[in-house]
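Student: Next comes model_25.cif, mmCIF, C-alpha atoms:
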```
data_structure
#
loop_
_atom_site.label_atom_id
_atom_site.label_comp_id
_atom_site.auth_asym_id
_atom_site.auth_seq_id
_atom_site.Cartn_x
_atom_site.Cartn_y
_atom_site.Cartn_z
CA MET K 1 48.07 -91.08 -18.55
CA PRO K 2 46.87 -87.55 -19.24
CA ILE K 3 43.16 -87.11 -19.67
CA ASN K 4 41.59 -84.82 -22.23
CA LEU K 5 39.01 -83.04 -20.11
CA ASP K 6 37.25 -81.53 -23.13
CA ALA K 7 36.75 -84.97 -24.64
CA TYR K 8 35.72 -86.37 -21.27
CA LEU K 9 33.00 -83.77 -20.78
CA GLY K 10 31.80 -84.41 -24.31
CA VAL K 11 28.96 -82.40 -25.73
CA HIS K 12 27.73 -81.11 -22.41
CA ALA K 13 30.16 -78.24 -21.94
CA ASP K 14 29.16 -76.76 -25.31
CA ALA K 15 25.51 -77.48 -24.66
CA LEU K 16 25.69 -75.60 -21.37
CA LYS K 17 27.19 -72.57 -23.09
CA ILE K 18 24.55 -72.52 -25.81
CA ARG K 19 21.77 -72.99 -23.25
CA GLY K 20 23.17 -69.98 -21.41
CA GLN K 21 23.11 -67.90 -24.58
CA ARG K 22 19.59 -69.02 -25.31
CA THR K 23 18.51 -67.95 -21.81
CA GLU K 24 19.78 -64.49 -22.67
CA VAL K 25 18.02 -64.33 -26.03
CA LEU K 26 14.71 -65.42 -24.49
CA ALA K 27 15.14 -62.89 -21.67
CA ARG K 28 15.55 -60.24 -24.34
CA ASN K 29 12.35 -61.30 -26.03
CA LEU K 30 10.43 -61.15 -22.76
CA ALA K 31 11.89 -57.77 -21.82
CA ASN K 32 10.84 -56.39 -25.20
CA ALA K 33 7.36 -57.94 -25.11
CA ASP K 34 5.76 -54.48 -25.44
CA THR K 35 8.34 -52.76 -27.64
CA PRO K 36 6.91 -51.61 -30.97
CA GLY K 37 8.73 -53.12 -33.92
CA TYR K 38 10.79 -55.59 -31.87
CA GLN K 39 11.24 -58.94 -33.57
CA ALA K 40 11.55 -62.02 -31.39
CA ARG K 41 14.63 -64.17 -31.88
CA ASP K 42 15.80 -67.58 -30.84
CA ILE K 43 18.87 -69.75 -31.14
CA ASP K 44 18.74 -72.80 -33.39
CA PHE K 45 20.12 -75.14 -30.75
CA ARG K 46 20.78 -78.07 -33.05
CA ALA K 47 22.74 -75.98 -35.54
CA ALA K 48 24.61 -74.12 -32.83
CA LEU K 49 25.62 -77.34 -31.13
CA ALA K 50 26.64 -78.92 -34.42
CA ALA K 51 28.78 -75.89 -35.18
CA ALA K 52 30.36 -76.15 -31.74
CA GLY K 53 31.50 -79.64 -32.66
CA GLY K 54 28.88 -81.52 -30.70
CA VAL K 55 27.93 -83.93 -33.47
CA ASN K 56 31.44 -85.24 -33.85
CA ASP K 57 32.57 -88.16 -31.77
CA ALA K 58 34.28 -87.57 -28.47
CA GLN K 59 37.74 -88.03 -29.97
CA THR K 60 37.73 -84.74 -31.87
CA PRO K 61 38.47 -81.67 -29.83
CA VAL K 62 35.47 -79.37 -29.57
CA ALA K 63 37.38 -76.09 -29.56
CA ILE K 64 38.13 -74.41 -32.88
CA ASN K 65 41.86 -74.15 -33.45
CA ALA K 66 43.27 -71.43 -35.68
CA THR K 67 46.18 -73.26 -37.30
CA ASN K 68 46.80 -70.71 -40.02
CA ALA K 69 47.34 -66.98 -39.78
CA ARG K 70 44.58 -66.45 -42.33
CA HIS K 71 41.97 -68.26 -40.27
CA ILE K 72 39.20 -66.01 -39.05
CA ALA K 73 39.64 -65.57 -35.33
CA THR K 74 36.76 -66.69 -33.19
CA ALA K 75 35.60 -64.48 -30.38
CA GLU K 76 36.84 -65.19 -26.88
CA GLY K 77 35.00 -68.18 -25.53
CA GLY K 78 33.87 -69.16 -29.02
CA GLU K 79 30.72 -67.07 -29.52
CA THR K 80 28.38 -69.24 -31.50
CA SER K 81 25.58 -66.73 -31.80
CA SER K 82 25.74 -65.17 -35.25
CA PRO K 83 24.45 -67.71 -37.80
CA HIS K 84 22.26 -69.56 -35.35
CA LEU K 85 20.46 -66.56 -33.91
CA LYS K 86 17.32 -66.58 -36.00
CA TYR K 87 14.08 -64.65 -36.11
CA ARG K 88 10.89 -66.28 -34.95
CA VAL K 89 8.11 -66.81 -37.45
CA PRO K 90 5.23 -64.99 -35.77
CA LEU K 91 1.89 -66.73 -35.34
CA ALA K 92 -0.01 -63.52 -34.82
CA PRO K 93 2.13 -60.39 -35.22
CA ALA K 94 0.87 -57.27 -33.51
CA LEU K 95 -0.07 -54.18 -35.50
CA ASP K 96 2.92 -52.31 -34.07
CA GLY K 97 5.32 -54.83 -35.64
CA ASN K 98 6.14 -56.65 -32.42
CA THR K 99 6.43 -60.41 -32.94
CA VAL K 100 6.89 -61.55 -29.32
CA ASP K 101 4.38 -64.18 -28.26
CA VAL K 102 4.75 -63.96 -24.49
CA GLN K 103 3.22 -67.37 -23.76
CA MET K 104 5.46 -69.06 -26.29
CA GLU K 105 8.52 -67.30 -24.95
CA GLN K 106 7.63 -68.31 -21.41
CA ALA K 107 7.26 -71.92 -22.49
CA ALA K 108 10.58 -71.78 -24.34
CA PHE K 109 12.23 -70.20 -21.31
CA ALA K 110 10.92 -72.90 -18.97
CA GLU K 111 11.97 -75.63 -21.40
CA ASN K 112 15.40 -74.07 -21.78
CA SER K 113 15.97 -73.85 -18.03
CA VAL K 114 14.93 -77.48 -17.49
CA ARG K 115 17.32 -78.57 -20.22
CA PHE K 116 20.02 -76.37 -18.74
CA GLN K 117 19.58 -78.16 -15.43
CA ALA K 118 19.69 -81.54 -17.18
CA THR K 119 22.99 -80.58 -18.79
CA LEU K 120 24.23 -79.44 -15.41
CA SER K 121 23.39 -82.83 -13.91
CA PHE K 122 25.21 -84.61 -16.73
CA LEU K 123 28.28 -82.48 -16.13
CA SER K 124 28.00 -82.97 -12.40
CA ALA K 125 27.89 -86.73 -12.88
CA ARG K 126 31.01 -86.58 -15.05
CA PHE K 127 32.86 -84.63 -12.38
CA ARG K 128 31.73 -87.01 -9.66
CA GLY K 129 32.99 -89.92 -11.74
CA LEU K 130 36.32 -88.21 -12.11
CA LEU K 131 36.45 -87.55 -8.40
CA THR K 132 35.69 -91.19 -7.65
CA ALA K 133 38.54 -92.23 -9.93
CA ILE K 134 40.90 -89.77 -8.23
CA THR K 135 40.05 -90.64 -4.66
CA GLY K 136 39.50 -94.33 -5.36
CA GLN K 137 36.59 -94.58 -2.97
CA MET D 138 26.94 -70.59 -18.07
CA PRO D 139 24.45 -67.82 -18.59
CA SER D 140 26.13 -64.49 -18.72
CA PHE D 141 25.21 -61.75 -16.29
CA LYS D 142 23.63 -59.84 -19.15
CA VAL D 143 20.37 -61.64 -18.39
CA PHE D 144 20.08 -59.55 -15.25
CA ASP D 145 20.66 -56.32 -17.16
CA ILE D 146 18.05 -57.26 -19.73
CA ALA D 147 15.43 -58.36 -17.22
CA GLY D 148 16.25 -55.31 -15.07
CA SER D 149 15.68 -52.98 -17.99
CA GLY D 150 12.34 -54.72 -18.54
CA LEU D 151 11.43 -54.18 -14.90
CA SER D 152 12.25 -50.49 -15.01
CA ALA D 153 10.40 -49.95 -18.31
CA GLN D 154 7.29 -51.70 -17.02
CA SER D 155 7.37 -49.75 -13.79
CA VAL D 156 7.46 -46.51 -15.77
CA ARG D 157 4.40 -47.80 -17.57
CA LEU D 158 2.71 -48.56 -14.23
CA ASN D 159 3.59 -45.06 -13.07
CA THR D 160 1.94 -43.45 -16.08
CA VAL D 161 -1.15 -45.61 -15.54
CA ALA D 162 -1.29 -44.46 -11.92
CA SER D 163 -0.89 -40.86 -13.00
CA ASN D 164 -3.61 -41.19 -15.65
CA LEU D 165 -6.04 -42.86 -13.25
CA ALA D 166 -5.36 -40.35 -10.50
CA ASN D 167 -6.05 -37.48 -12.86
CA ALA D 168 -9.01 -39.06 -14.63
CA ASP D 169 -11.34 -36.47 -13.06
CA SER D 170 -9.06 -33.42 -12.92
CA VAL D 171 -11.30 -31.11 -14.88
CA SER D 172 -10.27 -27.72 -16.17
CA GLY D 173 -12.05 -24.74 -17.69
CA ASP D 174 -9.55 -24.48 -20.50
CA PRO D 175 -9.32 -27.34 -23.02
CA LYS D 176 -5.63 -26.58 -23.55
CA SER D 177 -4.54 -26.83 -19.94
CA VAL D 178 -6.48 -29.98 -19.08
CA TYR D 179 -4.50 -33.09 -18.15
CA LYS D 180 -3.69 -35.37 -21.09
CA ALA D 181 -3.31 -39.13 -20.85
CA ARG D 182 0.33 -40.20 -20.90
CA HIS D 183 1.76 -43.35 -22.39
CA PRO D 184 5.38 -44.50 -22.50
CA VAL D 185 6.93 -45.54 -25.80
CA PHE D 186 9.32 -48.47 -25.53
CA GLU D 187 12.37 -49.02 -27.64
CA ALA D 188 14.83 -51.88 -27.95
CA VAL D 189 18.36 -50.79 -27.08
CA LYS D 190 20.90 -51.73 -29.71
CA ALA D 191 23.82 -53.44 -28.08
CA SER D 192 27.06 -51.63 -28.66
CA LEU D 193 28.51 -52.75 -31.97
CA ALA D 194 32.00 -53.36 -30.65
CA ALA D 195 30.98 -55.64 -27.82
CA GLN D 196 28.24 -57.59 -29.57
CA PRO D 197 28.69 -57.67 -33.31
CA GLN D 198 25.96 -60.15 -34.09
CA ASP D 199 23.45 -59.92 -31.32
CA GLY D 200 21.40 -56.97 -32.46
CA ASN D 201 18.77 -55.82 -30.05
CA ALA D 202 19.16 -56.30 -26.36
CA ALA D 203 17.55 -54.52 -23.46
CA VAL D 204 14.50 -52.28 -23.51
CA ARG D 205 14.25 -48.64 -22.51
CA VAL D 206 11.60 -45.96 -22.39
CA ARG D 207 12.13 -43.73 -25.37
CA GLY D 208 9.76 -41.08 -24.15
CA ILE D 209 6.38 -40.33 -22.70
CA MET D 210 3.75 -39.55 -25.29
CA GLU D 211 0.76 -37.37 -24.45
CA SER D 212 -2.45 -38.47 -26.06
CA ASP D 213 -3.86 -35.85 -28.44
CA ALA D 214 -7.44 -37.07 -28.25
CA ALA D 215 -9.88 -34.25 -27.60
CA PRO D 216 -10.93 -33.71 -23.98
CA THR D 217 -14.58 -34.25 -23.25
CA ALA D 218 -16.60 -31.13 -22.55
CA ARG D 219 -19.21 -31.28 -19.79
CA TYR D 220 -21.83 -28.67 -19.07
CA GLU D 221 -21.39 -27.88 -15.37
CA PRO D 222 -22.23 -24.22 -14.78
CA GLY D 223 -22.01 -24.73 -11.01
CA ASN D 224 -18.40 -25.82 -11.14
CA PRO D 225 -16.01 -23.04 -10.01
CA LEU D 226 -13.62 -24.07 -12.80
CA ALA D 227 -16.22 -23.73 -15.54
CA ASN D 228 -15.55 -21.28 -18.35
CA PRO D 229 -17.98 -18.40 -19.05
CA GLU D 230 -20.14 -20.70 -21.19
CA GLY D 231 -20.48 -23.09 -18.26
CA TYR D 232 -18.34 -25.92 -19.61
CA VAL D 233 -15.57 -27.85 -17.91
CA TYR D 234 -13.19 -30.11 -19.82
CA ALA D 235 -12.40 -33.60 -18.51
CA PRO D 236 -9.10 -35.31 -19.43
CA ASN D 237 -9.01 -37.71 -22.36
CA VAL D 238 -8.21 -40.62 -20.01
CA ASN D 239 -10.00 -43.84 -20.87
CA VAL D 240 -10.26 -45.57 -17.50
CA VAL D 241 -11.01 -49.01 -18.96
CA GLU D 242 -8.04 -48.76 -21.28
CA GLU D 243 -5.84 -47.73 -18.36
CA MET D 244 -6.95 -50.71 -16.26
CA VAL D 245 -6.13 -53.06 -19.12
CA ASP D 246 -2.77 -51.37 -19.54
CA MET D 247 -2.12 -51.81 -15.83
CA ILE D 248 -2.83 -55.55 -15.97
CA SER D 249 -0.62 -55.92 -19.03
CA ALA D 250 2.21 -53.98 -17.37
CA SER D 251 2.00 -56.00 -14.18
CA ARG D 252 2.05 -59.30 -16.09
CA ALA D 253 5.07 -58.17 -18.08
CA TYR D 254 6.76 -57.11 -14.84
CA GLN D 255 6.11 -60.53 -13.33
CA ASN D 256 7.54 -62.17 -16.45
CA ASN D 257 10.78 -60.29 -16.04
CA VAL D 258 10.95 -61.12 -12.34
CA GLU D 259 10.52 -64.80 -13.22
CA VAL D 260 13.29 -64.58 -15.81
CA MET D 261 15.57 -63.07 -13.19
CA ASN D 262 14.68 -65.69 -10.56
CA THR D 263 15.18 -68.59 -12.94
CA SER D 264 18.51 -67.26 -14.18
CA LYS D 265 19.64 -66.75 -10.61
CA GLU D 266 18.76 -70.35 -9.74
CA LEU D 267 20.53 -71.66 -12.83
CA MET D 268 23.64 -69.68 -12.01
CA LEU D 269 23.66 -70.86 -8.42
CA ALA D 270 23.31 -74.43 -9.69
CA THR D 271 26.24 -73.82 -12.03
CA LEU D 272 28.30 -72.56 -9.11
CA LYS D 273 27.63 -75.78 -7.24
CA LEU D 274 28.65 -77.88 -10.25
CA GLY D 275 30.59 -81.01 -9.34
CA SER D 276 29.78 -81.03 -5.65
#
```
If you took the structure in this file and wrote it as structure tokens, what would it be?
Tutor:
Amino acid sequence: MPINLDAYLGVHADALKIRGQRTEVLARNLANADTPGYQARDIDFRAALAAAGGVNDAQTPVAINATNARHIATAEGGETSSPHLKYRVPLAPALDGNTVDVQMEQAAFAENSVRFQATLSFLSARFRGLLTAITGQ
Amino acid sequence: MPSFKVFDIAGSGLSAQSVRLNTVASNLANADSVSGDPKSVYKARHPVFEAVKASLAAQPQDGNAAVRVRGIMESDAAPTARYEPGNPLANPEGYVYAPNVNVVEEMVDMISASRAYQNNVEVMNTSKELMLATLKLGS
């Protein structure tokens, strides 16, 4: 009986990818903490995950299939950044137009990395389960 | 998995902040370099940061990415004149001109730069740990 690995891993594979993208966006914010005019951004995780197919049940494949020649091609690896990459609403924007709140970004970064590790553990558990089934021990 | 771009971004932050630390060091070191000519006296230097636009082809939607130093700006505040007729550098009227370096401001700038540097180091460390954990996935 063939096993659909995408369905088996469920939402976690997509979640891991989006967490990785969010790490990058937050790193950008922190690197530009003193850049005049830089506007802090963040990924709307819920929307990004929903767009990646995470809200659907495990039976539906999570990858986007282009079944028609007129379908808009998705980027390699299914970049989910564009509509979900939003601008932060600044609490106290600086006079130079910079909207990075370093403390908030640090907190978001820490939260994101903890959640990344949680997703990793979920995935790891799935793989261990598979391995147990394969080896039968 | 986090892409390796995190390291580029955090690295650009590190280099920008170290340029800032360098200018602070230069300003503090020259805080008392007086001159007899107000035009030739040392002027406080400050870097101007700029967000690097990611190349349009590679990253259509991502907008700004890393940070870079756009240039070093010299402060145009007037140097302070001091009456020191005994100073060998004094002009015929007996004045020397001290640089327009505000030492307190420079110290604050130094603390801010070092905190920002530490932030970027932390980002790098955390990303490294996450990537190593991803490598060990399933074991």
Student: For CA of Ala253 in chain D and CA of Ala203 in chain D, quote the distance in Å rounded to one decimal.
Tutor: 14.1 Å
Student: Quick check on the file I pasted: which residues fall under the PyMOL selection byres ((chain K and resi 20-22) around 8)? Write them as a PyMOL selection string.
Tutor: (chain K and resi 16-19+23-26+42-43+81+112+116) or (chain D and resi 138-140)
Student: I need the contact residues of chain D against chain K, so if you could list those with any atom within 10 Å, counting only C-alpha atoms, and return them as number ranges by chain, that would help.
Tutor: D: 138-154, 185-189, 196-206, 249-250, 252-254, 256-257, 259-261, 263-264, 266-268, 270-271, 273-276
Student: Enter the distance from CA of Phe45 in chain K to CA of Met104 in chain K, in Å, rounded to one decimal.
Tutor: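 Separating CA of Phe45 in chain K from CA of Met104 in chain K is a distance of 16.5 Å.
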Student: Have a look at CA of Asp246 in chain D and CA of Val161 in chain D and let me know their distance in Å, one decimal.
Tutor: 7.2 Å
Student: Kindly indicate which residue among D:Ala181, D:Thr217, D:Val156, D:Ser170 lies nearest to Glu243 in chain D, using all atoms listed in the file for the distances.
Tutor: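 Counting all atoms listed in the file, the residue closest to Glu243 in chain D is D:Ala181.
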Student: Of the residues D:Ala215, D:Leu226, D:Val171, D:Met247, which is the one nearest to His183 in chain D, using all atoms listed in the file?
Tutor: D:Met247
Student: Using the file's own x, y and z axes, what box holds all listed atoms of range 251-264 of chain D with 5 Å on each side, keeping edges along x, y and z, and what are its centre and edge lengths in Å to one decimal, as lines of an AutoDock Vina configuration file?
Tutor:
```
center_x = 10.3
center_y = -62.3
center_z = -14.3
size_x = 26.5
size_y = 22.6
size_z = 17.5
```
Student: Env of Pro236 in chain D: 10 Å cut, atoms = only C-alpha atoms, seq-sep filter 4 positions within chain, self excluded. Answer as number ranges by chain.
Tutor: D: 164, 167-172, 175, 177-181, 212, 214-218
